[in-house]
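Chemist: Could you have a look at this structure, given as structure tokens, before my questions?
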Amino acid sequence: MSAEISEKVMEREVGRRRTFAIISHPDAGKTTLTEKLLLYGGAIHLAGSVKSRRAAKHAVSDWMELEKQRGISVTSSVLQFPYHDYSINLLDTPGHADFSEDTYRTLAAADSAVMLMDVAKGVEAQTLKLFKVCAMRKIPIFTFVNKMDRFGRKPLELMEEIEDILGIRSCPINWPVGQGNEFKGVYDRLNEELILFDSAGSHGSKIIEEERMALDDPQVETRLGPKRYEQLLEDVELLDIAGDPFDLERVRDGELTPMFFGSAITNFGVRPFLDAFVDMAPSPDQARQKHTEPTRPDFSGFVFKIQANMNPAHRDRLAFVRITSGVFEKDMQAQLKRTERQIKLAYPQQMMASDREMADQAFAGDIVGLYDPGRFRIGDMIYTGEPIDDVDIPRFMPEHFAVVEIQDALKRKQLNKGLNQLSEEGTIQVFRQPEKGSLDIIVGAVGILQFEVLKFRLEHEYNVEIRLRRLDFQHARWIENEEFDEAALNRADYLKVVHDRDDLPLLLFRNNWALNYTKQQYPDLVLLPNPPGTPGLEQLHGKRYEF
Ligand code: G4P
């Protein structure tokens, strides 16, 4: 630990960190809310006004050319901004369904998550998938119901849906007053205050005015009108009697989700949410998903994401490290656990959109982007002092497979280099068939859009053109057996045995029938439901989930 940093300073620094991710289905408003959080954090001064919103979206979180072409966010970014005395690290997660694998990994670096839902749509498919990962990792969830400026479902209905689909209880911290163009404010249940919003015609580009008044203030009835006032009193009473009381321990255990209502586009409800969130969300030392003691004086961290060529002007690759303890200092030396080598942690970057600020010092909860000349892998641990335990970063079963066909055989070397790096980044998984004497390279992905990213990046970053010949396999299973008759399995035309980068065999099955038939034919074969090293993802809250 740096000599100048006392234990007290470190405790204070760690205690004011809030590291979280937003989980949502595409179009729920994640980009809009992110921008508004930056506005309220003072990191930007005008939201969405300079360029069109689509263009602004690219400016905030999209780097890759491909993303610009498709108008979707392919890779995650990390935004750091202050809010009051807190230091917030927002891990941006890609919203497109096909890129969920990257998102899953990002959650390993989060201490809490904000589940954003569209009031008209409730819990959607992508939200559910991400929620399961949060639940598995014991990440507390804060729910923000967005688009209250539109008509949608009733708040009580949404509470029921959360319980039915996600299996957790919710506790509204605030309660909406009106909906659609009648959405006027929220009632803050903890402070027993009504908060009325006034956009003053800024269309959400600036911080809005808010007026607070106690519920028993005689003005409230006049301001809301008798009907809305009666309705609010009724709702508040119902929630008090029938709802779950607020319990911070249950929130931190992931059993109860604090619920907020708002409209990111008009800024209504953004500040009440942010104020309560920073107060309730765990700091790294309070998080349940704790990797090591965050105030441990020795530095430690793990790589949860690797990203190449974020800025076309510098051809570089960054390894994103979530700091888990101690103090990070620019250019410090640390041990890379996997290779047992001492390395210099060079060119650290803290990410704020595409402006990179040099990070001189960072603490547990912070994310630093390290310059990576190809030495890191996802899941790598780095530390000084005593070694720390490994973090499990889930790997996911690939669901789509293709053979890589190279156009120009002389470029095989570049191809191998590109595939190697892109598999270390987690863009795709690479498999070979050494036992069959085949030179074919097979790639596997969780979402098919990853194949497009692969082609595009090989072409633009490694100057190799490829064709991908899709393989018709629907299921994959790693096996536990150390010995098995690979040749016999390979003779069947309904399955194929390939080897992963650690030379572990993976069985690919054409369809359900092939999977079941193989189980019958080879009863001694132990097929693993998840990739090796990944804990039982499918068993959560006593429910069985299929990933
Ligand atoms: P995403 O990142 O989750 O995919 O969502 P994004 O913020 O891009 O928002 C998706 C659409 O929903 C956008 O409209 C956005 O303006 C709108 N939106 C976000 N928050 C709110 C809200 O609180 N209320 C309402 N009414 N709409 C909201 P779009 O038409 O697709 O894009 P644009 O033309 O507005 O840029």
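Residue names in the structure tokens use chain letters A, B, ... in the order shown, residue numbers from 1 in each chain, and ligand numbers from 1 in the order shown.
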Out of region 198-273 of chain A, which residues get alpha helix (DSSP H) from DSSP, as an NGL selection string?

Modeler: :A and (218-224 or 226-242 or 248-252 or 270-273)

Chemist: Can you list, as a ChimeraX atom specification, every protein, DNA or RNA residue that comes within 8 Å of region 16-24 of chain A when you count only C-alpha atoms, leaving out same-chain residues fewer than 5 positions away?

Modeler: /A:30,85-93,95,106-107,109-117,124,126-127,130-131,278,281-284,364-366

Chemist: Excluding region 438-455 of chain A and residues on its chain fewer than 5 positions from it, collect all residues at most 7 Å away from it, counting only C-alpha atoms, and give them as number ranges by chain.

Modeler: A: 98-99, 101, 397-404, 427-433, 466

Chemist: Just to be explicit: take each residue in the selection above, keep C-alpha atoms, and write the result as a CSV table (one decimal), in the first residue's frame.

Modeler:
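As written to disk, result29.csv reads:
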```
chain,number,residue,atom,x,y,z
A,98,ASP,CA,-27.4,-11.4,-28.6
A,99,PHE,CA,-24.7,-9.9,-26.5
A,101,GLU,CA,-22.6,-13.1,-22.5
A,397,MET,CA,-22.7,-22.7,-23.3
A,398,PRO,CA,-22.2,-21.8,-26.9
A,399,GLU,CA,-25.4,-22.3,-28.9
A,400,HIS,CA,-24.3,-21.5,-32.4
A,401,PHE,CA,-21.4,-23.0,-34.3
A,402,ALA,CA,-19.6,-22.4,-37.6
A,403,VAL,CA,-16.4,-23.5,-39.4
A,404,VAL,CA,-14.1,-20.6,-40.2
A,427,THR,CA,-16.1,-12.5,-28.3
A,428,ILE,CA,-16.3,-16.1,-29.4
A,429,GLN,CA,-15.1,-19.5,-28.3
A,430,VAL,CA,-12.6,-21.4,-30.5
A,431,PHE,CA,-12.6,-25.1,-30.9
A,432,ARG,CA,-10.5,-27.6,-32.9
A,433,GLN,CA,-10.6,-31.3,-33.7
A,466,ILE,CA,-13.3,-15.1,-43.7
```

Chemist: Which residues form the shell of 6 Å around ligand 1 when you count only C-alpha atoms and all ligand atoms, given as a list of chain:residue names?

Modeler: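 The neighbouring residues of ligand 1 are, in order, A:Pro26, A:Asp27, A:Ala28, A:Gly29, A:Lys30, A:Thr31, A:Thr32, A:Arg53, A:Arg54, A:Asn146, A:Lys147, A:Asp149, A:Arg150, A:Ser263, A:Ala264, A:Ile265.
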
Chemist: Those selected residues, please, written with N, CA and C atoms and delivered as an mmCIF file, in the first residue's frame.

Modeler:
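Done, and the output landed in out.cif:
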```cif
data_model
loop_
_atom_site.group_PDB
_atom_site.id
_atom_site.type_symbol
_atom_site.label_atom_id
_atom_site.label_comp_id
_atom_site.auth_asym_id
_atom_site.auth_seq_id
_atom_site.Cartn_x
_atom_site.Cartn_y
_atom_site.Cartn_z
ATOM 1 N N PRO A 26 -33.878 -4.317 -24.314
ATOM 2 C CA PRO A 26 -33.680 -3.197 -25.235
ATOM 3 C C PRO A 26 -34.919 -2.304 -25.318
ATOM 4 N N ASP A 27 -34.670 -1.007 -25.370
ATOM 5 C CA ASP A 27 -35.722 0.005 -25.531
ATOM 6 C C ASP A 27 -36.432 0.422 -24.250
ATOM 7 N N ALA A 28 -36.031 -0.147 -23.121
ATOM 8 C CA ALA A 28 -36.685 0.243 -21.863
ATOM 9 C C ALA A 28 -36.267 1.653 -21.467
ATOM 10 N N GLY A 29 -35.112 2.121 -22.017
ATOM 11 C CA GLY A 29 -34.670 3.484 -21.716
ATOM 12 C C GLY A 29 -33.335 3.544 -20.989
ATOM 13 N N LYS A 30 -32.528 2.503 -21.136
ATOM 14 C CA LYS A 30 -31.254 2.471 -20.406
ATOM 15 C C LYS A 30 -30.306 3.593 -20.823
ATOM 16 N N THR A 31 -30.230 3.823 -22.128
ATOM 17 C CA THR A 31 -29.343 4.892 -22.598
ATOM 18 C C THR A 31 -29.826 6.237 -22.067
ATOM 19 N N THR A 32 -31.135 6.426 -22.109
ATOM 20 C CA THR A 32 -31.708 7.690 -21.631
ATOM 21 C C THR A 32 -31.432 7.854 -20.141
ATOM 22 N N ARG A 53 -30.836 12.276 -30.519
ATOM 23 C CA ARG A 53 -30.610 11.298 -29.456
ATOM 24 C C ARG A 53 -29.828 10.086 -29.947
ATOM 25 N N ARG A 54 -30.087 9.681 -31.163
ATOM 26 C CA ARG A 54 -29.361 8.508 -31.658
ATOM 27 C C ARG A 54 -27.870 8.805 -31.728
ATOM 28 N N ASN A 146 -39.816 2.852 -15.659
ATOM 29 C CA ASN A 146 -39.620 4.010 -16.529
ATOM 30 C C ASN A 146 -40.848 4.283 -17.419
ATOM 31 N N LYS A 147 -40.796 5.427 -18.062
ATOM 32 C CA LYS A 147 -41.826 5.858 -19.026
ATOM 33 C C LYS A 147 -43.180 6.078 -18.364
ATOM 34 N N ASP A 149 -44.502 8.734 -18.009
ATOM 35 C CA ASP A 149 -45.191 9.790 -18.760
ATOM 36 C C ASP A 149 -46.111 9.197 -19.818
ATOM 37 N N ARG A 150 -46.097 7.857 -19.913
ATOM 38 C CA ARG A 150 -47.005 7.185 -20.840
ATOM 39 C C ARG A 150 -47.946 6.303 -20.045
ATOM 40 N N SER A 263 -39.670 8.930 -15.112
ATOM 41 C CA SER A 263 -39.655 9.070 -16.559
ATOM 42 C C SER A 263 -38.289 9.651 -16.912
ATOM 43 N N ALA A 264 -37.429 8.782 -17.433
ATOM 44 C CA ALA A 264 -36.054 9.227 -17.693
ATOM 45 C C ALA A 264 -36.026 10.354 -18.704
ATOM 46 N N ILE A 265 -36.974 10.314 -19.641
ATOM 47 C CA ILE A 265 -36.917 11.298 -20.713
ATOM 48 C C ILE A 265 -37.224 12.716 -20.216
#
```

Chemist: For each of A:Pro531, A:Gly385, A:Gly301, A:Pro272, take the minimum atom-to-atom distance to Glu210 (chain A), counting only C-alpha atoms, then give the residue where this is smallest.

Modeler: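 For Glu210 (chain A), the nearest of the candidates is A:Pro272.
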
Chemist: Write out as a ChimeraX atom specification all residues of region 71-179 of chain A that backbone DSSP assigns to strand (DSSP E or B).

Modeler: /A:78-83,86-91,112-118,141-146,169-172,174-177

Chemist: Mind giving me the straight-line distance from CA of Arg153 (chain A) to CA of Gly167 (chain A) in Å, one decimal?

Modeler: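 Value for the CA of Arg153 (chain A)-CA of Gly167 (chain A) distance: 19.1 Å.
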
Chemist: If we count only C-alpha atoms, what is near Leu156 (chain A) at a cut-off of 10 Å, once residues fewer than 3 positions away on the same chain are taken out, given as a list in words?

Modeler: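 My list of contacting residues is Arg153, Met159, Glu160, Glu161, Pro172, Asp235 and Leu239 of chain A.
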
Chemist: Write out as a PyMOL selection string the residues lying within 7 Å of Ile367 (chain A), counting only C-alpha atoms and excluding same-chain residues fewer than 2 positions away.

Modeler: chain A and resi 320-323+350+365+369

Chemist: Would you save the residues from that selection as a CSV table (one decimal), in the first residue's frame, using N, CA and C atoms?

Modeler:
```
chain,number,residue,atom,x,y,z
A,320,PHE,N,-10.2,-4.6,-18.7
A,320,PHE,CA,-10.9,-3.8,-17.6
A,320,PHE,C,-10.8,-4.6,-16.3
A,321,VAL,N,-10.2,-3.9,-15.4
A,321,VAL,CA,-10.0,-4.6,-14.1
A,321,VAL,C,-10.9,-4.0,-13.0
A,322,ARG,N,-11.6,-4.9,-12.3
A,322,ARG,CA,-12.4,-4.4,-11.2
A,322,ARG,C,-11.5,-4.5,-10.0
A,323,ILE,N,-11.2,-3.4,-9.3
A,323,ILE,CA,-10.4,-3.5,-8.1
A,323,ILE,C,-11.1,-4.1,-7.0
A,350,GLN,N,-9.4,5.4,-16.8
A,350,GLN,CA,-10.7,5.3,-16.3
A,350,GLN,C,-11.6,5.9,-17.4
A,365,GLY,N,-13.8,-1.2,-5.9
A,365,GLY,CA,-15.0,-0.8,-6.5
A,365,GLY,C,-14.8,-0.1,-7.8
A,369,GLY,N,-9.0,0.6,-16.8
A,369,GLY,CA,-8.7,-0.1,-18.1
A,369,GLY,C,-7.2,-0.1,-18.2
```

Chemist: Go through A:Trp478, A:Phe484, A:Phe304, A:Tyr517 one by one, measure the shortest atom-to-atom distance of each to Asp502 (chain A) using only C-alpha atoms, and give the residue with the smallest value.

Modeler: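 The answer is A:Trp478, which sits nearest to Asp502 (chain A).
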
Chemist: Out of A:Thr384, A:Asn267, A:Gln289, A:Gln520, which residue has the shortest atom-to-atom distance to Met136 (chain A) when counting only C-alpha atoms?

Modeler: A:Gln289

Chemist: Tell me which of A:Cys134, A:Ala125, A:Leu248, A:Gln521 sits closest to Gln286 (chain A), counting only C-alpha atoms.

Modeler: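 Of the candidates, the smallest distance to Gln286 (chain A) is held by A:Leu248.
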
Chemist: Would you mind reading off the distance between CA of His84 (chain A) and CA of Ala108 (chain A), one decimal, in Å?

Modeler: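 Computed distance, CA of His84 (chain A) to CA of Ala108 (chain A), equals 26.1 Å.
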
Chemist: Pick out the closest residue to Pro434 (chain A) from this set: A:Gly418, A:Asp503, A:Glu13, A:Phe473. Count only C-alpha atoms.

Modeler: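 Residue with the minimum atom-to-atom distance to Pro434 (chain A): A:Asp503.
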
Chemist: When you count only C-alpha atoms, which of these residues is closest to Lys519 (chain A): A:Val303, A:Ala319, A:Ile479, A:Leu232?

Modeler: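 Using only C-alpha atoms, Lys519 (chain A) sits closest to A:Ile479.
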
Chemist: For CA of Val220 (chain A) and CA of Asp188 (chain A), quote the distance in Å rounded to one decimal.

Modeler: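 Here the two named atoms are 13.6 Å from each other.
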
Chemist: Got a sec: who's within 12 Å of Ala409 (chain A), counting only C-alpha atoms, leaving out chain neighbours fewer than 4 positions off, as a list in words?

Modeler: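 So, after excluding close chain neighbours, the residues are Val404, Glu405, Lys413, Gln414, Leu415, Asn416, Val464, Glu465 and Ile466 of chain A.
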
Chemist: With all heavy atoms kept, could you save the residues just selected as a short mmCIF file (atom, residue, chain, number, x, y, z; two decimals), in the first residue's frame?

Modeler:
```cif
data_model
loop_
_atom_site.label_atom_id
_atom_site.label_comp_id
_atom_site.auth_asym_id
_atom_site.auth_seq_id
_atom_site.Cartn_x
_atom_site.Cartn_y
_atom_site.Cartn_z
N VAL A 404 -14.67 -21.85 -39.66
CA VAL A 404 -14.06 -20.64 -40.23
C VAL A 404 -13.38 -21.02 -41.54
O VAL A 404 -12.52 -21.90 -41.56
CB VAL A 404 -13.01 -20.07 -39.25
CG1 VAL A 404 -12.34 -18.84 -39.84
CG2 VAL A 404 -13.65 -19.76 -37.91
N GLU A 405 -13.78 -20.36 -42.61
CA GLU A 405 -13.12 -20.61 -43.91
C GLU A 405 -12.37 -19.35 -44.31
O GLU A 405 -12.96 -18.28 -44.42
CB GLU A 405 -14.15 -21.00 -44.96
CG GLU A 405 -14.76 -22.36 -44.67
CD GLU A 405 -15.84 -22.78 -45.66
OE1 GLU A 405 -16.39 -21.90 -46.37
OE2 GLU A 405 -16.13 -23.98 -45.72
N LYS A 413 -1.72 -17.12 -40.34
CA LYS A 413 -1.07 -16.67 -39.11
C LYS A 413 -1.86 -15.52 -38.46
O LYS A 413 -2.14 -15.52 -37.26
CB LYS A 413 0.35 -16.19 -39.44
CG LYS A 413 1.33 -16.51 -38.35
CD LYS A 413 2.73 -16.24 -38.78
CE LYS A 413 3.44 -15.49 -37.67
NZ LYS A 413 4.73 -14.97 -38.10
N GLN A 414 -2.26 -14.56 -39.31
CA GLN A 414 -3.06 -13.44 -38.78
C GLN A 414 -4.40 -13.96 -38.23
O GLN A 414 -4.88 -13.48 -37.23
CB GLN A 414 -3.40 -12.42 -39.86
CG GLN A 414 -2.30 -11.46 -40.17
CD GLN A 414 -1.71 -11.78 -41.53
OE1 GLN A 414 -1.24 -12.91 -41.74
NE2 GLN A 414 -1.75 -10.83 -42.46
N LEU A 415 -4.94 -14.96 -38.97
CA LEU A 415 -6.23 -15.51 -38.54
C LEU A 415 -6.09 -16.10 -37.13
O LEU A 415 -6.89 -15.83 -36.24
CB LEU A 415 -6.69 -16.59 -39.51
CG LEU A 415 -7.95 -17.35 -39.06
CD1 LEU A 415 -9.16 -16.44 -39.11
CD2 LEU A 415 -8.20 -18.59 -39.90
N ASN A 416 -5.03 -16.89 -36.94
CA ASN A 416 -4.84 -17.51 -35.64
C ASN A 416 -4.65 -16.48 -34.55
O ASN A 416 -5.20 -16.59 -33.45
CB ASN A 416 -3.63 -18.46 -35.66
CG ASN A 416 -3.99 -19.75 -36.38
OD1 ASN A 416 -5.16 -20.12 -36.43
ND2 ASN A 416 -3.00 -20.41 -36.96
N VAL A 464 -8.02 -9.99 -42.27
CA VAL A 464 -8.27 -11.34 -42.77
C VAL A 464 -9.74 -11.46 -43.13
O VAL A 464 -10.61 -11.19 -42.29
CB VAL A 464 -8.00 -12.41 -41.66
CG1 VAL A 464 -8.13 -13.81 -42.25
CG2 VAL A 464 -6.65 -12.22 -41.03
N GLU A 465 -9.99 -11.87 -44.36
CA GLU A 465 -11.39 -12.08 -44.73
C GLU A 465 -11.77 -13.53 -44.52
O GLU A 465 -11.03 -14.42 -44.94
CB GLU A 465 -11.60 -11.71 -46.20
CG GLU A 465 -11.93 -10.24 -46.35
CD GLU A 465 -12.26 -9.89 -47.77
OE1 GLU A 465 -13.20 -10.49 -48.33
OE2 GLU A 465 -11.55 -9.04 -48.32
N ILE A 466 -12.88 -13.75 -43.89
CA ILE A 466 -13.31 -15.14 -43.68
C ILE A 466 -14.76 -15.32 -44.12
O ILE A 466 -15.51 -14.35 -44.25
CB ILE A 466 -13.21 -15.56 -42.19
CG1 ILE A 466 -14.07 -14.63 -41.29
CG2 ILE A 466 -11.79 -15.62 -41.71
CD1 ILE A 466 -14.50 -15.29 -40.00
#
```
